[in-house]
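Student: One file: upload.cif (mmCIF, C-alpha atoms).
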data_protein
loop_
_atom_site.group_PDB
_atom_site.id
_atom_site.type_symbol
_atom_site.label_atom_id
_atom_site.label_comp_id
_atom_site.auth_asym_id
_atom_site.auth_seq_id
_atom_site.Cartn_x
_atom_site.Cartn_y
_atom_site.Cartn_z
ATOM 1 C CA MET A 14 -105.792 -91.404 -19.204
ATOM 2 C CA ILE A 15 -104.230 -89.367 -21.980
ATOM 3 C CA GLY A 16 -106.030 -89.699 -25.286
ATOM 4 C CA ILE A 17 -103.969 -88.825 -28.356
ATOM 5 C CA ASP A 18 -105.615 -88.390 -31.741
ATOM 6 C CA VAL A 19 -102.827 -88.748 -34.295
ATOM 7 C CA ALA A 20 -103.015 -86.944 -37.627
ATOM 8 C CA LYS A 21 -100.367 -86.421 -40.286
ATOM 9 C CA LYS A 22 -99.336 -82.994 -39.015
ATOM 10 C CA THR A 23 -100.866 -82.623 -35.551
ATOM 11 C CA LEU A 24 -101.448 -84.426 -32.270
ATOM 12 C CA ALA A 25 -104.667 -83.591 -30.411
ATOM 13 C CA VAL A 26 -104.144 -84.451 -26.742
ATOM 14 C CA CYS A 27 -106.640 -84.768 -23.876
ATOM 15 C CA CYS A 28 -105.714 -85.588 -20.291
ATOM 16 C CA TRP A 29 -108.767 -86.888 -18.436
ATOM 17 C CA GLU A 30 -108.162 -88.385 -15.003
ATOM 18 C CA VAL A 31 -110.435 -91.074 -13.546
ATOM 19 C CA GLY A 32 -113.279 -89.639 -11.471
ATOM 20 C CA GLN A 33 -113.015 -86.145 -12.898
ATOM 21 C CA ALA A 34 -116.031 -84.512 -14.562
ATOM 22 C CA ARG A 35 -113.931 -82.673 -17.137
ATOM 23 C CA PRO A 36 -110.488 -83.040 -18.718
ATOM 24 C CA SER A 37 -107.530 -81.750 -16.722
ATOM 25 C CA TRP A 38 -106.004 -80.175 -19.815
ATOM 26 C CA GLU A 39 -106.156 -80.288 -23.586
ATOM 27 C CA ALA A 40 -103.598 -79.220 -26.151
ATOM 28 C CA SER A 41 -102.439 -79.634 -29.725
ATOM 29 C CA TYR A 42 -98.867 -80.308 -30.780
ATOM 30 C CA PRO A 43 -97.178 -80.702 -34.174
ATOM 31 C CA ASN A 44 -96.561 -84.326 -35.129
ATOM 32 C CA THR A 45 -92.807 -83.793 -35.225
ATOM 33 C CA ALA A 46 -89.875 -84.750 -33.038
ATOM 34 C CA ALA A 47 -90.027 -81.319 -31.366
ATOM 35 C CA GLY A 48 -93.788 -81.642 -30.856
ATOM 36 C CA LEU A 49 -93.372 -85.046 -29.236
ATOM 37 C CA GLN A 50 -90.808 -83.607 -26.832
ATOM 38 C CA GLU A 51 -93.285 -80.873 -25.878
ATOM 39 C CA LEU A 52 -95.927 -83.530 -25.259
ATOM 40 C CA LEU A 53 -93.591 -85.574 -23.079
ATOM 41 C CA ALA A 54 -92.705 -82.506 -21.043
ATOM 42 C CA ALA A 55 -96.350 -81.561 -20.487
ATOM 43 C CA ALA A 56 -97.979 -84.975 -19.965
ATOM 44 C CA PRO A 57 -97.951 -86.503 -16.460
ATOM 45 C CA ALA A 58 -95.564 -89.450 -16.485
ATOM 46 C CA THR A 59 -97.920 -91.647 -14.447
ATOM 47 C CA LEU A 60 -100.855 -91.583 -16.867
ATOM 48 C CA PRO A 61 -101.085 -94.094 -19.747
ATOM 49 C CA TRP A 62 -101.436 -92.954 -23.354
ATOM 50 C CA VAL A 63 -104.305 -94.256 -25.503
ATOM 51 C CA VAL A 64 -103.487 -94.287 -29.224
ATOM 52 C CA GLU A 65 -105.218 -95.740 -32.279
ATOM 53 C CA PRO A 66 -102.979 -97.556 -34.801
ATOM 54 C CA THR A 67 -102.689 -95.274 -37.836
ATOM 55 C CA GLY A 68 -99.621 -96.689 -39.540
ATOM 56 C CA SER A 69 -96.392 -94.690 -39.596
ATOM 57 C CA TYR A 70 -98.070 -91.603 -38.100
ATOM 58 C CA SER A 71 -98.897 -93.359 -34.818
ATOM 59 C CA GLU A 72 -95.685 -95.427 -34.726
ATOM 60 C CA SER A 73 -93.524 -92.377 -34.106
ATOM 61 C CA VAL A 74 -95.779 -91.347 -31.210
ATOM 62 C CA VAL A 75 -95.717 -94.835 -29.700
ATOM 63 C CA ARG A 76 -91.942 -95.149 -30.050
ATOM 64 C CA ALA A 77 -91.367 -91.778 -28.400
ATOM 65 C CA GLY A 78 -93.701 -92.640 -25.520
ATOM 66 C CA GLN A 79 -92.263 -96.094 -24.919
ATOM 67 C CA ALA A 80 -88.688 -94.785 -25.142
ATOM 68 C CA ALA A 81 -89.556 -92.274 -22.411
ATOM 69 C CA GLY A 82 -90.977 -95.021 -20.211
ATOM 70 C CA ARG A 83 -94.649 -94.172 -20.763
ATOM 71 C CA LYS A 84 -97.307 -96.867 -20.848
ATOM 72 C CA VAL A 85 -98.919 -96.755 -24.306
ATOM 73 C CA LEU A 86 -102.200 -98.614 -24.872
ATOM 74 C CA MET A 87 -103.686 -99.519 -28.241
ATOM 75 C CA ALA A 88 -107.317 -98.633 -28.985
ATOM 76 C CA PRO A 89 -108.787 -101.118 -31.523
ATOM 77 C CA PRO A 90 -109.870 -98.952 -34.484
ATOM 78 C CA LEU A 91 -113.384 -100.332 -35.063
ATOM 79 C CA ALA A 92 -114.345 -100.573 -31.390
ATOM 80 C CA ALA A 93 -112.897 -97.126 -30.693
ATOM 81 C CA LYS A 94 -114.737 -95.657 -33.690
ATOM 82 C CA ARG A 95 -118.080 -96.950 -32.434
ATOM 83 C CA PHE A 96 -117.361 -95.651 -28.939
ATOM 84 C CA LEU A 97 -116.448 -92.207 -30.268
ATOM 85 C CA GLN A 98 -119.593 -92.111 -32.409
ATOM 86 C CA SER A 99 -121.710 -92.881 -29.352
ATOM 87 C CA LEU A 100 -120.196 -89.908 -27.506
ATOM 88 C CA THR A 101 -120.473 -87.329 -30.302
ATOM 89 C CA PRO A 102 -122.829 -88.678 -32.993
ATOM 90 C CA ARG A 103 -123.243 -85.276 -34.672
ATOM 91 C CA ALA A 104 -119.656 -84.095 -34.736
ATOM 92 C CA LYS A 105 -116.180 -85.442 -35.400
ATOM 93 C CA THR A 106 -113.125 -83.328 -34.635
ATOM 94 C CA ASP A 107 -109.591 -84.104 -33.528
ATOM 95 C CA LYS A 108 -110.339 -82.575 -30.131
ATOM 96 C CA ALA A 109 -113.481 -84.691 -29.686
ATOM 97 C CA ASP A 110 -111.606 -87.836 -30.752
ATOM 98 C CA ALA A 111 -108.840 -87.165 -28.225
ATOM 99 C CA ARG A 112 -111.463 -86.771 -25.499
ATOM 100 C CA GLY A 113 -113.167 -89.947 -26.632
ATOM 101 C CA LEU A 114 -109.933 -91.952 -26.588
ATOM 102 C CA ALA A 115 -109.229 -90.784 -23.036
ATOM 103 C CA CYS A 116 -112.714 -91.898 -21.980
ATOM 104 C CA TYR A 117 -112.405 -95.154 -23.890
ATOM 105 C CA GLY A 118 -109.169 -95.939 -22.079
ATOM 106 C CA GLN A 119 -111.024 -95.655 -18.772
ATOM 107 C CA GLN A 120 -113.878 -97.923 -19.865
ATOM 108 C CA ALA A 121 -112.177 -100.727 -21.814
ATOM 109 C CA ARG A 122 -109.439 -103.236 -21.132
ATOM 110 C CA LEU A 123 -106.784 -102.184 -23.598
ATOM 111 C CA ARG A 124 -103.627 -104.079 -24.479
ATOM 112 C CA PRO A 125 -100.192 -102.476 -24.495
ATOM 113 C CA PHE A 126 -99.249 -101.120 -27.918
ATOM 114 C CA ARG A 127 -96.716 -103.537 -29.425
ATOM 115 C CA LEU A 128 -94.767 -102.267 -32.405
ATOM 116 C CA LYS A 129 -93.812 -104.757 -35.084
ATOM 117 C CA GLU A 130 -90.181 -105.677 -35.597
ATOM 118 C CA ALA A 131 -88.636 -104.903 -39.001
ATOM 119 C CA PRO A 132 -89.185 -108.384 -40.605
ATOM 120 C CA LEU A 133 -92.754 -108.433 -39.316
ATOM 121 C CA GLN A 134 -93.369 -104.896 -40.602
ATOM 122 C CA ARG A 135 -92.165 -105.944 -44.045
ATOM 123 C CA LEU A 136 -94.449 -108.976 -44.090
ATOM 124 C CA TRP A 137 -97.385 -106.828 -42.953
ATOM 125 C CA ALA A 138 -96.695 -104.222 -45.650
ATOM 126 C CA VAL A 139 -96.553 -106.891 -48.366
ATOM 127 C CA LEU A 140 -99.740 -108.530 -47.074
ATOM 128 C CA GLN A 141 -101.593 -105.202 -47.014
ATOM 129 C CA GLY A 142 -100.419 -104.285 -50.508
ATOM 130 C CA ARG A 143 -101.446 -107.658 -51.884
ATOM 131 C CA SER A 144 -104.891 -107.459 -50.265
ATOM 132 C CA LYS A 145 -105.581 -104.029 -51.774
ATOM 133 C CA LEU A 146 -104.392 -105.122 -55.202
ATOM 134 C CA ALA A 147 -106.497 -108.303 -55.050
ATOM 135 C CA ARG A 148 -109.637 -106.317 -54.196
ATOM 136 C CA VAL A 149 -109.174 -103.973 -57.171
ATOM 137 C CA LEU A 150 -108.394 -106.896 -59.479
ATOM 138 C CA ALA A 151 -111.499 -108.789 -58.329
ATOM 139 C CA SER A 152 -113.619 -105.717 -59.007
ATOM 140 C CA LEU A 153 -112.259 -105.382 -62.544
ATOM 141 C CA ARG A 154 -112.824 -109.063 -63.256
ATOM 142 C CA GLN A 155 -116.392 -108.797 -62.030
ATOM 143 C CA GLN A 156 -116.927 -105.808 -64.303
ATOM 144 C CA GLN A 157 -115.556 -107.793 -67.258
ATOM 145 C CA ARG A 158 -118.019 -110.606 -66.576
ATOM 146 C CA ALA A 159 -120.923 -108.191 -66.241
ATOM 147 C CA PHE A 160 -120.031 -106.222 -69.402
ATOM 148 C CA PRO A 161 -118.032 -108.513 -71.692
ATOM 149 C CA GLU A 162 -118.362 -106.050 -74.552
ATOM 150 C CA LEU A 163 -116.289 -103.576 -72.536
ATOM 151 C CA ALA A 164 -113.668 -106.063 -71.375
ATOM 152 C CA PHE A 165 -111.143 -104.740 -73.898
ATOM 153 C CA LEU A 166 -110.926 -101.488 -71.902
ATOM 154 C CA SER A 167 -109.626 -103.114 -68.718
ATOM 155 C CA ALA A 168 -107.874 -106.148 -70.235
ATOM 156 C CA PRO A 169 -104.394 -104.507 -70.396
ATOM 157 C CA VAL A 170 -104.710 -103.289 -66.808
ATOM 158 C CA VAL A 171 -105.906 -106.685 -65.597
ATOM 159 C CA GLU A 172 -102.952 -108.393 -67.283
ATOM 160 C CA VAL A 173 -100.470 -106.066 -65.566
ATOM 161 C CA MET A 174 -102.210 -106.445 -62.204
ATOM 162 C CA GLU A 175 -102.200 -110.242 -62.454
ATOM 163 C CA ALA A 176 -98.444 -110.177 -63.035
ATOM 164 C CA GLN A 177 -98.037 -107.786 -60.100
ATOM 165 C CA LEU A 178 -100.130 -110.073 -57.897
ATOM 166 C CA GLN A 179 -97.765 -112.945 -58.670
ATOM 167 C CA ALA A 180 -94.840 -110.704 -57.717
ATOM 168 C CA TYR A 181 -96.570 -109.938 -54.411
ATOM 169 C CA ASP A 182 -97.068 -113.673 -53.786
ATOM 170 C CA ARG A 183 -93.365 -114.350 -54.350
ATOM 171 C CA GLU A 184 -92.362 -111.508 -52.042
ATOM 172 C CA LEU A 185 -94.918 -112.600 -49.433
ATOM 173 C CA GLU A 186 -93.359 -116.037 -49.167
ATOM 174 C CA ARG A 187 -89.822 -114.614 -49.249
ATOM 175 C CA ALA A 188 -90.604 -112.137 -46.451
ATOM 176 C CA GLY A 189 -92.547 -114.725 -44.473
ATOM 177 C CA ARG A 190 -89.769 -117.307 -44.486
ATOM 178 C CA GLN A 191 -87.620 -114.870 -42.533
ATOM 179 C CA LEU A 192 -89.937 -115.542 -39.575
ATOM 180 C CA GLU A 193 -89.897 -118.806 -37.632
ATOM 181 C CA LEU A 194 -93.636 -118.912 -36.895
ATOM 182 C CA PHE A 195 -94.454 -118.480 -40.592
ATOM 183 C CA ARG A 196 -92.258 -121.455 -41.510
ATOM 184 C CA ARG A 197 -93.826 -123.628 -38.823
ATOM 185 C CA LEU A 198 -97.390 -122.686 -39.783
ATOM 186 C CA LEU A 199 -96.788 -123.805 -43.371
ATOM 187 C CA LYS A 200 -96.607 -127.377 -42.047
ATOM 188 C CA VAL A 201 -100.266 -127.280 -40.945
ATOM 189 C CA PRO A 202 -102.645 -128.872 -43.505
ATOM 190 C CA GLY A 203 -104.538 -126.227 -45.453
ATOM 191 C CA ILE A 204 -102.397 -123.280 -44.378
ATOM 192 C CA GLY A 205 -100.544 -121.623 -47.252
ATOM 193 C CA ALA A 206 -98.411 -118.520 -47.508
ATOM 194 C CA MET A 207 -101.331 -116.060 -47.309
ATOM 195 C CA ASN A 208 -102.879 -117.765 -44.284
ATOM 196 C CA ALA A 209 -99.522 -118.141 -42.561
ATOM 197 C CA ALA A 210 -98.682 -114.473 -43.177
ATOM 198 C CA GLY A 211 -101.924 -113.200 -41.649
ATOM 199 C CA LEU A 212 -101.621 -115.490 -38.632
ATOM 200 C CA THR A 213 -97.941 -114.688 -38.118
ATOM 201 C CA VAL A 214 -98.520 -110.931 -38.125
ATOM 202 C CA ARG A 215 -101.407 -111.037 -35.651
ATOM 203 C CA LEU A 216 -100.053 -113.686 -33.292
ATOM 204 C CA SER A 217 -96.644 -111.990 -33.200
ATOM 205 C CA SER A 218 -98.030 -108.473 -32.735
ATOM 206 C CA ILE A 219 -100.657 -109.107 -30.050
ATOM 207 C CA ASP A 220 -100.293 -111.174 -26.889
ATOM 208 C CA PHE A 221 -103.542 -113.149 -26.710
ATOM 209 C CA PRO A 222 -103.721 -114.600 -23.173
ATOM 210 C CA SER A 223 -106.026 -117.433 -24.206
ATOM 211 C CA TYR A 224 -107.396 -119.256 -27.212
ATOM 212 C CA ASP A 225 -110.832 -117.730 -26.507
ATOM 213 C CA ALA A 226 -109.342 -114.229 -26.693
ATOM 214 C CA PHE A 227 -107.874 -114.984 -30.117
ATOM 215 C CA ILE A 228 -111.142 -116.473 -31.377
ATOM 216 C CA ALA A 229 -113.042 -113.380 -30.178
ATOM 217 C CA TYR A 230 -110.489 -111.130 -31.892
ATOM 218 C CA VAL A 231 -110.991 -112.960 -35.182
ATOM 219 C CA GLY A 232 -114.795 -112.938 -34.822
ATOM 220 C CA LEU A 233 -115.246 -116.717 -34.878
ATOM 221 C CA ASP A 234 -116.896 -116.688 -31.442
ATOM 222 C CA LEU A 235 -120.643 -117.171 -31.033
ATOM 223 C CA ARG A 236 -123.006 -114.256 -30.485
ATOM 224 C CA VAL A 237 -125.711 -114.975 -27.904
ATOM 225 C CA ARG A 238 -129.023 -113.093 -27.980
ATOM 226 C CA GLU A 239 -131.376 -113.769 -25.079
ATOM 227 C CA SER A 240 -134.063 -111.655 -23.428
ATOM 228 C CA GLY A 241 -136.654 -113.061 -21.018
ATOM 229 C CA ALA A 242 -138.110 -116.180 -22.596
ATOM 230 C CA PHE A 243 -136.626 -115.320 -25.984
ATOM 231 C CA ARG A 244 -133.686 -117.435 -27.068
ATOM 232 C CA GLY A 245 -132.199 -116.212 -30.331
ATOM 233 C CA ARG A 246 -130.251 -118.317 -32.756
ATOM 234 C CA ARG A 247 -126.551 -118.348 -32.076
ATOM 235 C CA ARG A 248 -124.405 -116.981 -34.860
ATOM 236 C CA LEU A 249 -120.805 -115.913 -35.379
ATOM 237 C CA SER A 250 -120.132 -112.487 -33.897
ATOM 238 C CA LYS A 251 -118.033 -111.525 -36.976
ATOM 239 C CA HIS A 252 -116.355 -108.816 -34.906
ATOM 240 C CA GLY A 253 -112.688 -108.034 -35.202
ATOM 241 C CA ASP A 254 -110.269 -108.875 -37.985
ATOM 242 C CA ALA A 255 -112.432 -109.747 -41.015
ATOM 243 C CA THR A 256 -109.442 -110.449 -43.257
ATOM 244 C CA LEU A 257 -107.940 -112.975 -40.853
ATOM 245 C CA ARG A 258 -111.365 -114.571 -40.353
ATOM 246 C CA TRP A 259 -111.659 -115.030 -44.129
ATOM 247 C CA LEU A 260 -108.128 -116.456 -44.334
ATOM 248 C CA LEU A 261 -108.923 -119.012 -41.617
ATOM 249 C CA PHE A 262 -112.157 -119.997 -43.349
ATOM 250 C CA MET A 263 -110.331 -120.493 -46.655
ATOM 251 C CA ALA A 264 -107.650 -122.505 -44.830
ATOM 252 C CA ALA A 265 -110.408 -124.707 -43.407
ATOM 253 C CA ARG A 266 -111.754 -125.342 -46.903
ATOM 254 C CA ALA A 267 -108.241 -126.141 -48.118
ATOM 255 C CA THR A 268 -107.741 -128.493 -45.161
ATOM 256 C CA LEU A 269 -110.563 -130.709 -46.414
ATOM 257 C CA VAL A 270 -108.538 -131.263 -49.584
ATOM 258 C CA ALA A 271 -105.073 -131.372 -48.024
ATOM 259 C CA ALA A 272 -106.087 -133.602 -45.101
ATOM 260 C CA THR A 273 -108.513 -136.096 -46.690
ATOM 261 C CA GLY A 274 -109.055 -139.145 -44.504
ATOM 262 C CA THR A 275 -107.684 -137.474 -41.372
ATOM 263 C CA ASP A 276 -109.275 -136.239 -38.149
ATOM 264 C CA PHE A 277 -109.928 -132.863 -39.813
ATOM 265 C CA GLN A 278 -112.104 -134.583 -42.410
ATOM 266 C CA ALA A 279 -113.719 -136.726 -39.702
ATOM 267 C CA LEU A 280 -114.584 -133.651 -37.638
ATOM 268 C CA TYR A 281 -116.153 -132.012 -40.682
ATOM 269 C CA GLU A 282 -118.205 -135.112 -41.538
ATOM 270 C CA ARG A 283 -119.286 -135.469 -37.908
ATOM 271 C CA LYS A 284 -120.611 -131.913 -37.824
ATOM 272 C CA LEU A 285 -122.477 -132.451 -41.098
ATOM 273 C CA ALA A 286 -124.071 -135.589 -39.609
ATOM 274 C CA GLN A 287 -125.237 -133.491 -36.649
ATOM 275 C CA GLY A 288 -127.242 -131.333 -39.051
ATOM 276 C CA LEU A 289 -124.877 -128.403 -39.518
ATOM 277 C CA SER A 290 -124.526 -126.764 -42.901
ATOM 278 C CA LYS A 291 -121.288 -127.039 -44.866
ATOM 279 C CA THR A 292 -120.463 -123.414 -44.012
ATOM 280 C CA ALA A 293 -121.054 -123.948 -40.285
ATOM 281 C CA ALA A 294 -118.932 -127.120 -40.303
ATOM 282 C CA ALA A 295 -116.148 -125.255 -42.133
ATOM 283 C CA CYS A 296 -116.313 -122.499 -39.494
ATOM 284 C CA ILE A 297 -115.725 -125.127 -36.805
ATOM 285 C CA LEU A 298 -112.659 -126.287 -38.721
ATOM 286 C CA ALA A 299 -111.530 -122.645 -38.957
ATOM 287 C CA ARG A 300 -111.773 -122.368 -35.171
ATOM 288 C CA LYS A 301 -109.767 -125.585 -34.841
ATOM 289 C CA LEU A 302 -107.041 -124.191 -37.099
ATOM 290 C CA ALA A 303 -107.056 -120.936 -35.136
ATOM 291 C CA LYS A 304 -106.527 -122.904 -31.931
ATOM 292 C CA VAL A 305 -103.652 -124.837 -33.512
ATOM 293 C CA ALA A 306 -101.995 -121.617 -34.722
ATOM 294 C CA TRP A 307 -102.430 -119.902 -31.342
ATOM 295 C CA ALA A 308 -100.974 -122.934 -29.512
ATOM 296 C CA MET A 309 -97.995 -123.059 -31.867
ATOM 297 C CA ALA A 310 -97.300 -119.341 -31.364
ATOM 298 C CA ARG A 311 -97.715 -119.701 -27.600
ATOM 299 C CA SER A 312 -95.574 -122.809 -27.137
ATOM 300 C CA GLY A 313 -93.002 -122.297 -29.868
ATOM 301 C CA GLU A 314 -93.452 -125.935 -30.903
ATOM 302 C CA ASP A 315 -93.899 -127.408 -34.370
ATOM 303 C CA TYR A 316 -97.183 -128.771 -35.655
ATOM 304 C CA ASP A 317 -97.862 -132.250 -34.268
ATOM 305 C CA PRO A 318 -100.930 -133.913 -35.850
ATOM 306 C CA THR A 319 -101.063 -136.547 -33.102
ATOM 307 C CA ARG A 320 -101.780 -133.852 -30.488
ATOM 308 C CA VAL A 321 -104.389 -131.816 -32.355
ATOM 309 C CA PHE A 322 -107.221 -134.237 -31.641
ATOM 310 C CA SER A 323 -105.743 -135.947 -28.562
ATOM 311 C CA ALA A 324 -107.978 -133.962 -26.187
ATOM 312 C CA ARG A 325 -111.754 -134.270 -25.905
ATOM 313 C CA ARG A 326 -113.407 -133.961 -29.300
ATOM 314 C CA PRO A 327 -115.178 -130.572 -29.805
#
Using structure tokens, write down the structure from this file.

Tutor:
Amino acid sequence: MIGIDVAKKTLAVCCWEVGQARPSWEASYPNTAAGLQELLAAAPATLPWVVEPTGSYSESVVRAGQAAGRKVLMAPPLAAKRFLQSLTPRAKTDKADARGLACYGQQARLRPFRLKEAPLQRLWAVLQGRSKLARVLASLRQQQRAFPELAFLSAPVVEVMEAQLQAYDRELERAGRQLELFRRLLKVPGIGAMNAAGLTVRLSSIDFPSYDAFIAYVGLDLRVRESGAFRGRRRLSKHGDATLRWLLFMAARATLVAATGTDFQALYERKLAQGLSKTAAACILARKLAKVAWAMARSGEDYDPTRVFSARRP
């Protein structure tokens, strides 16, 4: 495996072959077109590259590798970070990270790095910008509620940010409607532009081989804790994409309003009757919506309400 730690100006590279006690070679190259050519000339063509997604900095590396016929694998940022911390808990350097990525590539099942097409990149950029703006705006509003006597200080900024948020929403829907999956997802009860955008980006960027793989990625799978006679309470793992998990949960809540009197409402009421809390029942609806979205992305078919609950009830 070849681990590549991508920074703005440099590429720290470590080649560590399976079964070897130490790396075969390590080097540093400038993160430029010339530096990438040096890397391609030095790196064995048979060994895969392991790269973390770091926006535009990593995209150039991935494009150069894929164009040269190299297999480029994507290291999930959070999982890779925890793995690297376990290897070198007292130090963090580019060289150590490159070594860690090479080791991580040997230990984990990594997916090929899939770059987003231009329309998908635009939708992702708008979604990211909106999310950051919404977090700052929520913080300012909370501050206004906590200190109403100081609200006049942030009121002009809040007004501008609210207008900008509306502009983001308009652009989000405009960019999303360029993509077929986005348009089809809008037909699902409870799924709006924000939910459809998040689902479209993830389901179009990553090839999830099964519904279970997608649920685990979102963190809506159950965490099991057992040891000897101890049987812990099962809870959501909450690993993976927290933003998409929140979007699915909010879509589930919206579904109860948009789909009153339907099987979605019946499923929710059935889970409440079984003793589940409202939050737990909503999480089950979120998993159902995730399954619907995954199936639509996989099959290329439109939403068909008659097929959603045609199989055995969960």

Student: Taking all atoms listed in the file into account, name the residue in A:Met174, A:Ala47, A:Glu162, A:Asp254 that is nearest to Ala92 of chain A.

Tutor: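 Using all atoms listed in the file, the shortest distance to Ala92 of chain A belongs to A:Asp254.
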
Student: Enumerate, as an MDAnalysis selection string, the residues matched when the PyMOL selection byres ((chain A and resi 23-26) around 6) is run on the file above.

Tutor: chainID A and resid 16:20 22 27 39:44 107:108 111

Student: Put the listed atoms of segment 85-94 of chain A in a box along x, y and z with 5 Å added on every side and give me the centre and edge lengths in Å to one decimal, as JSON.

Tutor:
{"center_x": -106.8, "center_y": -98.4, "center_z": -29.7, "size_x": 25.8, "size_y": 15.5, "size_z": 20.8}

Student: If the PyMOL selection byres ((chain A and resi 209-225) around 8) were run on this exact file, what residues would it hold? Put them as a tab-separated table (two decimals) with C-alpha atoms, in the frame of the given file.

Tutor:
chain	number	residue	atom	x	y	z
A	127	ARG	CA	-96.72	-103.54	-29.42
A	128	LEU	CA	-94.77	-102.27	-32.40
A	129	LYS	CA	-93.81	-104.76	-35.08
A	133	LEU	CA	-92.75	-108.43	-39.32
A	136	LEU	CA	-94.45	-108.98	-44.09
A	137	TRP	CA	-97.38	-106.83	-42.95
A	140	LEU	CA	-99.74	-108.53	-47.07
A	185	LEU	CA	-94.92	-112.60	-49.43
A	189	GLY	CA	-92.55	-114.72	-44.47
A	194	LEU	CA	-93.64	-118.91	-36.90
A	195	PHE	CA	-94.45	-118.48	-40.59
A	198	LEU	CA	-97.39	-122.69	-39.78
A	199	LEU	CA	-96.79	-123.80	-43.37
A	204	ILE	CA	-102.40	-123.28	-44.38
A	205	GLY	CA	-100.54	-121.62	-47.25
A	206	ALA	CA	-98.41	-118.52	-47.51
A	207	MET	CA	-101.33	-116.06	-47.31
A	208	ASN	CA	-102.88	-117.76	-44.28
A	226	ALA	CA	-109.34	-114.23	-26.69
A	227	PHE	CA	-107.87	-114.98	-30.12
A	228	ILE	CA	-111.14	-116.47	-31.38
A	229	ALA	CA	-113.04	-113.38	-30.18
A	234	ASP	CA	-116.90	-116.69	-31.44
A	257	LEU	CA	-107.94	-112.98	-40.85
A	260	LEU	CA	-108.13	-116.46	-44.33
A	304	LYS	CA	-106.53	-122.90	-31.93
A	306	ALA	CA	-102.00	-121.62	-34.72
A	307	TRP	CA	-102.43	-119.90	-31.34
A	308	ALA	CA	-100.97	-122.93	-29.51
A	310	ALA	CA	-97.30	-119.34	-31.36

Student: At what distance in Å, to one decimal, does atom CA of Val63 of chain A lie from atom CA of Glu30 of chain A?

Tutor: 12.6 Å

Student: Select, counting all atoms listed in the file, all protein, DNA and RNA residues no farther than 10 Å from (-117.7, -93.5, -27.0) in file coordinates, and express the selection as a PyMOL selection string.

Tutor: chain A and resi 92-102+110+112-117+120

Student: I want to know what sits within 12 Å of Leu298 of chain A, based on all atoms listed in the file, with residues of the same chain fewer than 2 positions away left out; could you give that as an MDAnalysis selection string?

Tutor: chainID A and resid 202:203 233 258 261:269 272 276:285 291:296 300:305 321:322 327

Student: Could you tell me which of A:Val173, A:Lys200, A:Thr67, A:Gly232 comes closest to Asp315 of chain A if we count only C-alpha atoms?

Tutor: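 Closest residue, counting only C-alpha atoms: A:Lys200.
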
Student: From the options A:Met14, A:Ala168, A:Ala81, A:Leu289, which residue's atoms come nearest to Val64 of chain A, counting all atoms listed in the file?

Tutor: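 Nearest to Val64 of chain A: A:Met14.
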
Student: For atom CA of Arg248 of chain A and atom CA of Pro90 of chain A, quote the distance in Å rounded to one decimal.

Tutor: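 A separation of 23.2 Å between them.
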
Student: What does the distance between atom CA of Val270 of chain A and atom CA of Met309 of chain A come to in Å, to one decimal place?

Tutor: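 Answer for the atom CA of Val270 of chain A to atom CA of Met309 of chain A separation: 22.2 Å.
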
Student: Please evaluate the PyMOL selection byres ((chain A and resi 145-156) around 9) against the structure above and give the resulting residues as a list in words.

Tutor: Leu140, Gln141, Gly142, Arg143, Ser144, Gln157, Arg158, Ala159, Phe160, Pro161, Leu163, Ala164, Ser167, Ala168, Val170, Val171, Met174, Glu175, Gln177 and Leu178 of chain A

Student: Save the residues we just selected, C-alpha atoms, as a PDB file, in the coordinates of the input?

Tutor:
ATOM      1  CA  LEU A 140     -99.740-108.530 -47.074  1.00  0.00           C
ATOM      2  CA  GLN A 141    -101.593-105.202 -47.014  1.00  0.00           C
ATOM      3  CA  GLY A 142    -100.419-104.285 -50.508  1.00  0.00           C
ATOM      4  CA  ARG A 143    -101.446-107.658 -51.884  1.00  0.00           C
ATOM      5  CA  SER A 144    -104.891-107.459 -50.265  1.00  0.00           C
ATOM      6  CA  GLN A 157    -115.556-107.793 -67.258  1.00  0.00           C
ATOM      7  CA  ARG A 158    -118.019-110.606 -66.576  1.00  0.00           C
ATOM      8  CA  ALA A 159    -120.923-108.191 -66.241  1.00  0.00           C
ATOM      9  CA  PHE A 160    -120.031-106.222 -69.402  1.00  0.00           C
ATOM     10  CA  PRO A 161    -118.032-108.513 -71.692  1.00  0.00           C
ATOM     11  CA  LEU A 163    -116.289-103.576 -72.536  1.00  0.00           C
ATOM     12  CA  ALA A 164    -113.668-106.063 -71.375  1.00  0.00           C
ATOM     13  CA  SER A 167    -109.626-103.114 -68.718  1.00  0.00           C
ATOM     14  CA  ALA A 168    -107.874-106.148 -70.235  1.00  0.00           C
ATOM     15  CA  VAL A 170    -104.710-103.289 -66.808  1.00  0.00           C
ATOM     16  CA  VAL A 171    -105.906-106.685 -65.597  1.00  0.00           C
ATOM     17  CA  MET A 174    -102.210-106.445 -62.204  1.00  0.00           C
ATOM     18  CA  GLU A 175    -102.200-110.242 -62.454  1.00  0.00           C
ATOM     19  CA  GLN A 177     -98.037-107.786 -60.100  1.00  0.00           C
ATOM     20  CA  LEU A 178    -100.130-110.073 -57.897  1.00  0.00           C
TER      21      LEU A 178
END

Student: Determine the nearest neighbour of Gln50 of chain A from the options A:Cys28, A:Arg122, A:Ser73, A:Gln33, counting only C-alpha atoms.

Tutor: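 Ranked by minimum distance to Gln50 of chain A, first place goes to A:Ser73.
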